[in-house]
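**Q** Below are the structure tokens for one structure; questions will follow.
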Amino acid sequence: MDAMTTNFATQVLAARLRAHAVRMTNAARASHIGSCLSMADILAVLYGAAMRTDPARPDWADRDRLVVSKGHAAAIVYAVLAEQGFIEIDELKTYAQNGSRLAGHVTKTVPGVELSTGSLGHGLPVAAGMALAAKRGQADWRAFCIVSDGELDEGSNWEAIQFAQHARLDSLVCIVDYNKIQSFGSVAEVSDLHPLADKFRAFNWGVHEIDGHDHGALLAALTAPPVLPTRPTVVICHTVKGKGVSFMEDKLAWHYKNPDDDQVIAALAELGAELGEA
Amino acid sequence: MRNETIAALTSYAREHSDVMLLTADLGYSVLEQFADELPDQYCNVGVCEQAMVGIAAGLALSGKRVALYSIANFPTLRCLEQLRNDVCYHDLPVTVISVGGGLAYGPQGYTHHGLEDLGIMAALPNMAVTCPADPHEAEELLPQLMDRRGPAYLRLGRAGEPVIHDGGTPVTLGKAVTLRQGSDVALLATGPILGRALAAADELAEAGISASVVSFPAITPLDEDCIASLAAGHRALLTIEEHSAQGGFGSRVADLLMDAGTHVRFAKWGTTPQLRGQVGSQAWLLDQLTPIAARAKALL
């Protein structure tokens with residue numbers, strides 16, 4: 001596929017992921033829809049174009065790995081796994097229901113999930129361990145890790161950021177979903193990360209800083225060779241919390257609220273999806 | 001016993017190329033042979049225990065078996081949630097090897113006293129928790145923990161502990177080792193404090209009290225059959241550990257006895273809050289506690 005066709009395909013996928021996440025959080029009365037929507041485009045480009053995966057073989061040794069460290073964005077992770085064929089789309093209806101394997105935080109019992117997460121600051125060290133395994137084994141797969149901006153407050157991330165550059169983990173790609181809103185307020189108010197790119201540069205990481213909703217920019221950054229030879233790469237994605245549903249965009253409340261039925265209808269209309277559609 | 005353990009690990013890793021050793025920058029004069037001989041299987045990650053456990057989980061999820069090395073509280077309490085979520089929840093083959101268990105680093109102060117680690121590690125799911133008494137137990141346990149391919153904790157003292165068992169003594173994960181057979185009181189010990197338990201048994205014998213001495217190299221899995229048999233065959237049981245008397249080996253044994261409805265005189269010998277903040281050699285600190293023999297006599 002050429003770049004334009006790929007972009008169209010991943011944009012269609014992203015819209016479907018958003019619609020799934022809206023329906024799932026409504027049905028489960030679950031939180032974190034804003035966090036899901038801000039990373040819909042990132043997931044769509046990763047699974048739709050950038051990563052080497054095979055839904056028929058979730059444990060394929062040579063697959064690229066994705067650790068979703070912001071495990072609270074579980075709904076949209078399960079949605080992309082369903083759209084890719086790792087699980088049945090129909091299973092998404094069980095999200096966070098009694099007895100379901102689709103827990104409210106990303107859980108490894110779901111095919112395609114690499115790591116159970118939910119407590120922040122766990123994913124990047126694990127992804128670094130995966131990249132170290134690839135390096136020691138001369139394997140060519142890559143280890144991606146999506147972190148939220150708020151979770152960069154956790155010191156364990158910075159331990160991993162320091163380690164990964166020293167260990168020359170050039171197959172490690174950290175993706176920051178920088179939607180500027182964390183759990184209890186804006187990032188600027190709670191614990192300002194600015195200048196985030198400079199922080200990573202000072203740690204000897206290669207840096208891409210892009211619009212995290214621009215599929216062309218995402219595809220270019222996520223498929224590029226390391227910015228700095230032998231060093232890990234960060235893709236700082238400037239995103240909007242709640243992106244794609246106008247009344248959810250850039251609002252802290254949608255970290256917690258779930259959309260009621262009327263809001264689902266309005267959201268799906270904006271996303272071009274049908275209410276009853278799976 | 002740390003040197004014998006690392007020698008056993010080196011030997012095991014030589015035969016199994018999937019085994020890796022990580023350290024959070026500790027192990028001077030201990031890990032060099034492994035690092036020099038097996039550089040592709042070794043990594044010093046720097047002073048970062050949380051990341052070390054996460055990195056170990058990532059390696060394990062990618063097909064490696066990983067041993068971690070650090071001092072008592074650092075690879076256990078500092079990174080407790082990484083052990084719980086990343087390692088134990090995923091049931092990954094990661095063995096935490098700690099040195100300085102109990103009061104081994106006595107003069108270094110309270111930060112270096114490992115007094116809660118056994119109880120906390122034993123609370124984690126899927127975790128084998130071991131506390132060898134001497135270099136022989138440690139050498140025998142290490143390959144069993146690696147073969148087991150699950151989360152494990154191997155709590156060591158430091159260097160120079162005396163060999164208690166003779167080399168032919170079988171040591172099996174989850175099985176206790178009986179050193180003396182008596183009839184009045186059973187001394188159930190875990191870790192190098194076994195040496196003091198044996199000395200206490202000698203002292204009790206002089207007072208006409210017949211004591212069994214049994215070593216428990218593992219707290220999880222616990223040799224429940226042995227404990228039931230000891231309870232049936234003695235007037236009293238005394239658990240002995242170089243660890244807080246609350247929440248550790250003794251508490252596990254007490255749980256077991258209560259759950260089984262076993263009525264037997266029972267006490268736990270371990271460290272007390274009065275030791276907190278005290279500075280001194282391991283032997284001096286242990287001497288501040290009520291002697292084991294006196295505690296056993298009081299129990300009878």
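Letters A, B, ... mark the chains of the structure tokens in the order given; residue numbers begin at 1 per chain; ligand numbers begin at 1, in order shown.
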As a PyMOL selection string, list the residues of region 22-201 of chain A assigned to helix (DSSP H, G or I) by DSSP on the backbone atoms of this structure.

**A** chain A and resi 22-28+33-38+40-50+74-84+89-94+123-136+150-153+155-166+187-190+196-201

**Q** Could you turn the residues from that selection into a file that holds C-alpha atoms, as a short mmCIF file (atom, residue, chain, number, x, y, z; two decimals), in the first residue's frame?

**A**
data_model
loop_
_atom_site.label_atom_id
_atom_site.label_comp_id
_atom_site.auth_asym_id
_atom_site.auth_seq_id
_atom_site.Cartn_x
_atom_site.Cartn_y
_atom_site.Cartn_z
CA VAL A 22 -17.40 4.53 23.50
CA ARG A 23 -19.80 1.59 23.36
CA MET A 24 -17.68 -0.48 25.77
CA THR A 25 -17.34 2.21 28.43
CA ASN A 26 -21.06 2.89 28.17
CA ALA A 27 -22.03 -0.77 28.53
CA ALA A 28 -19.62 -1.37 31.40
CA ILE A 33 -12.80 6.89 27.80
CA GLY A 34 -10.79 10.12 27.43
CA SER A 35 -7.53 8.19 27.82
CA CYS A 36 -8.67 5.66 25.22
CA LEU A 37 -9.63 8.25 22.64
CA SER A 38 -6.34 10.14 22.87
CA ALA A 40 -6.76 5.67 19.14
CA ASP A 41 -4.65 6.97 16.28
CA ILE A 42 -1.43 5.66 17.83
CA LEU A 43 -2.88 2.15 18.16
CA ALA A 44 -4.39 2.25 14.69
CA VAL A 45 -1.08 3.13 13.07
CA LEU A 46 0.88 0.65 15.20
CA TYR A 47 -1.36 -2.33 14.46
CA GLY A 48 -2.58 -1.19 11.09
CA ALA A 49 0.79 -0.40 9.57
CA ALA A 50 3.88 -0.09 11.75
CA ALA A 74 -7.84 -1.12 28.27
CA ALA A 75 -11.05 -0.77 26.27
CA ILE A 76 -9.35 0.57 23.17
CA VAL A 77 -6.51 -1.95 23.46
CA TYR A 78 -9.00 -4.80 23.41
CA ALA A 79 -10.79 -3.03 20.57
CA VAL A 80 -7.70 -2.97 18.38
CA LEU A 81 -6.92 -6.60 19.21
CA ALA A 82 -10.46 -7.49 18.16
CA GLU A 83 -10.26 -5.47 14.95
CA GLN A 84 -6.98 -7.19 14.11
CA ILE A 89 -15.23 -8.51 18.08
CA ASP A 90 -18.29 -9.89 19.84
CA GLU A 91 -16.21 -10.44 22.98
CA LEU A 92 -15.84 -6.68 23.40
CA LYS A 93 -19.38 -6.70 24.81
CA THR A 94 -18.05 -8.53 27.87
CA GLY A 123 5.63 -0.92 31.35
CA LEU A 124 8.75 0.84 30.20
CA PRO A 125 11.20 -1.21 32.32
CA VAL A 126 9.57 -4.39 31.03
CA ALA A 127 9.76 -3.19 27.44
CA ALA A 128 13.43 -2.38 28.07
CA GLY A 129 13.91 -5.96 29.25
CA MET A 130 12.30 -7.19 26.05
CA ALA A 131 14.58 -4.96 23.98
CA LEU A 132 17.56 -6.28 25.93
CA ALA A 133 16.47 -9.82 25.10
CA ALA A 134 16.22 -8.88 21.42
CA LYS A 135 19.65 -7.31 21.49
CA ARG A 136 21.33 -10.23 23.26
CA GLY A 150 0.97 11.55 33.93
CA GLU A 151 2.77 8.29 34.52
CA LEU A 152 6.08 9.92 33.67
CA ASP A 153 5.89 11.22 37.24
CA GLY A 155 10.54 7.33 38.96
CA SER A 156 10.69 3.79 37.60
CA ASN A 157 10.28 5.21 34.09
CA TRP A 158 13.34 7.36 34.49
CA GLU A 159 15.32 4.39 35.79
CA ALA A 160 14.40 2.60 32.56
CA ILE A 161 15.11 5.67 30.43
CA GLN A 162 18.59 5.89 31.94
CA PHE A 163 19.23 2.15 31.63
CA ALA A 164 17.97 1.82 28.05
CA GLN A 165 20.30 4.41 26.62
CA HIS A 166 23.29 3.01 28.47
CA VAL A 187 -0.01 18.15 33.60
CA ALA A 188 1.11 21.77 33.71
CA GLU A 189 -0.61 22.25 37.06
CA VAL A 190 0.17 18.92 38.71
CA LEU A 196 9.79 16.87 27.78
CA ALA A 197 11.71 16.44 24.53
CA ASP A 198 14.76 18.05 26.08
CA LYS A 199 14.55 15.70 29.03
CA PHE A 200 14.75 12.71 26.69
CA ARG A 201 17.52 14.34 24.65
#

**Q** Would you mind listing what lies within 8 Å of Arg158 (chain B) as a list in words, with only C-alpha atoms counted and same-chain residues fewer than 4 positions away left out?

**A** Met1, Arg2, Val99, Gly100, Gly101 and Ala104 of chain B

**Q** For chain B against chain A, which residues fall within 9 Å using only C-alpha atoms, given as a list of chain:residue names?

**A**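 Written out as asked, the residues are B:Asp40, B:Gln41, B:Cys43, B:Val45, B:Gly46, B:Val47, B:Cys48, B:Glu49, B:Gln50, B:Ala51, B:Met52, B:Val53, B:Gly54, B:Ile55, B:Ala56, B:Ala57, B:Gly58, B:Leu59, B:Ala60, B:Leu61, B:Ser62, B:Gly63, B:Lys64, B:Glu81, B:Gln82, B:Asn85, B:Asp86, B:Tyr89, B:His90.
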
**Q** For the selection just defined, write its residues with C-alpha atoms to a file, as a compact mmCIF listing (two decimals), in the first residue's frame.

**A**
# COMPACT_ATOMS: atom_id res chain seq x y z
CA ASP B 40 26.28 -12.23 27.27
CA GLN B 41 24.25 -13.60 30.17
CA CYS B 43 23.95 -7.23 32.99
CA VAL B 45 21.55 -2.40 35.24
CA GLY B 46 22.73 0.28 37.65
CA VAL B 47 21.27 1.28 40.99
CA CYS B 48 17.60 0.84 40.08
CA GLU B 49 15.80 -2.08 41.68
CA GLN B 50 12.35 -1.23 40.31
CA ALA B 51 13.66 -1.14 36.76
CA MET B 52 15.76 -4.24 37.40
CA VAL B 53 12.68 -6.29 38.25
CA GLY B 54 10.79 -4.87 35.26
CA ILE B 55 13.73 -5.61 32.98
CA ALA B 56 13.86 -9.14 34.39
CA ALA B 57 10.17 -9.56 33.62
CA GLY B 58 10.73 -8.33 30.06
CA LEU B 59 13.59 -10.77 29.60
CA ALA B 60 11.51 -13.60 31.07
CA LEU B 61 8.59 -12.76 28.77
CA SER B 62 11.10 -13.08 25.93
CA GLY B 63 12.26 -16.57 26.87
CA LYS B 64 14.97 -15.97 29.46
CA GLU B 81 4.95 -4.02 43.33
CA GLN B 82 7.13 -4.91 40.35
CA ASN B 85 2.55 -7.46 39.21
CA ASP B 86 5.30 -7.99 36.68
CA TYR B 89 1.18 -12.25 38.51
CA HIS B 90 2.74 -13.33 35.22

**Q** Between CA of Pro225 (chain A) and CA of Cys174 (chain A), what is the distance in Å, rounded to a tenth?

**A**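 Atom-to-atom, CA of Pro225 (chain A) and CA of Cys174 (chain A) are spaced 13.6 Å apart.
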
**Q** Would you mind telling me which residue in A:Val245, A:Ala103, A:Ile146, A:Ala14 lies nearest to Ser69 (chain A) when using only C-alpha atoms?

**A** A:Ile146

**Q** Within 9 Å of Gly206 (chain A), counting only C-alpha atoms, which residues qualify if same-chain residues fewer than 3 places away don't, as a list in words?

**A**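 The neighbour list is Phe200, Arg201, Pro226, Val227, Leu228, Pro229, Arg231, Pro232, Thr233, Val234 and Val235 of chain A.
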
**Q** Using backbone DSSP assignments, extract all strand (DSSP E or B) residues from region 40-257 of chain A; output them as a ChimeraX atom specification.

**A** /A:65-68,143-148,172-178,181-182,185-186,206-211,233-238

**Q** Which residues are near Gly191 (chain B)? Cut-off 6 Å, only C-alpha atoms, ignore same chain within fewer than 6 positions. Put them as an MDAnalysis selection string.

**A** chainID B and resid 131:133

**Q** Using N, CA and C atoms, can you write the selected residues to a file as a compact mmCIF listing (two decimals), in the first residue's frame?

**A**
# COMPACT_ATOMS: atom_id res chain seq x y z
N CYS B 131 15.22 -20.03 52.34
CA CYS B 131 16.13 -19.39 53.29
C CYS B 131 17.13 -20.45 53.75
N PRO B 132 18.14 -20.71 52.94
CA PRO B 132 19.05 -21.80 53.28
C PRO B 132 19.86 -21.53 54.54
N ALA B 133 20.17 -22.63 55.23
CA ALA B 133 20.88 -22.53 56.50
C ALA B 133 22.39 -22.49 56.32

**Q** Restricting the calculation to only C-alpha atoms, which member of A:Met4, A:Leu102, A:Ala96, A:Val207 is positioned closest to Ser31 (chain A)?

**A** A:Ala96

**Q** Provide the CA of Ala294 (chain B) to CA of Ala176 (chain B) distance in Å, to one decimal place.

**A**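 Taking CA of Ala294 (chain B) and CA of Ala176 (chain B), their separation equals 24.1 Å.
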
**Q** Rank B:Leu300, B:Leu237, B:Val185, B:Leu115 by their smallest atom-to-atom distance to Thr262 (chain B), using only C-alpha atoms, and report the top residue only.

**A**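 Between B:Leu300, B:Leu237, B:Val185, B:Leu115, the residue approaching Thr262 (chain B) most closely is B:Leu237.
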
**Q** Just how far from CA of Pro151 (chain B) is CA of Thr10 (chain B), in Å to one decimal?

**A**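 Here the two named atoms are 19.0 Å from each other.
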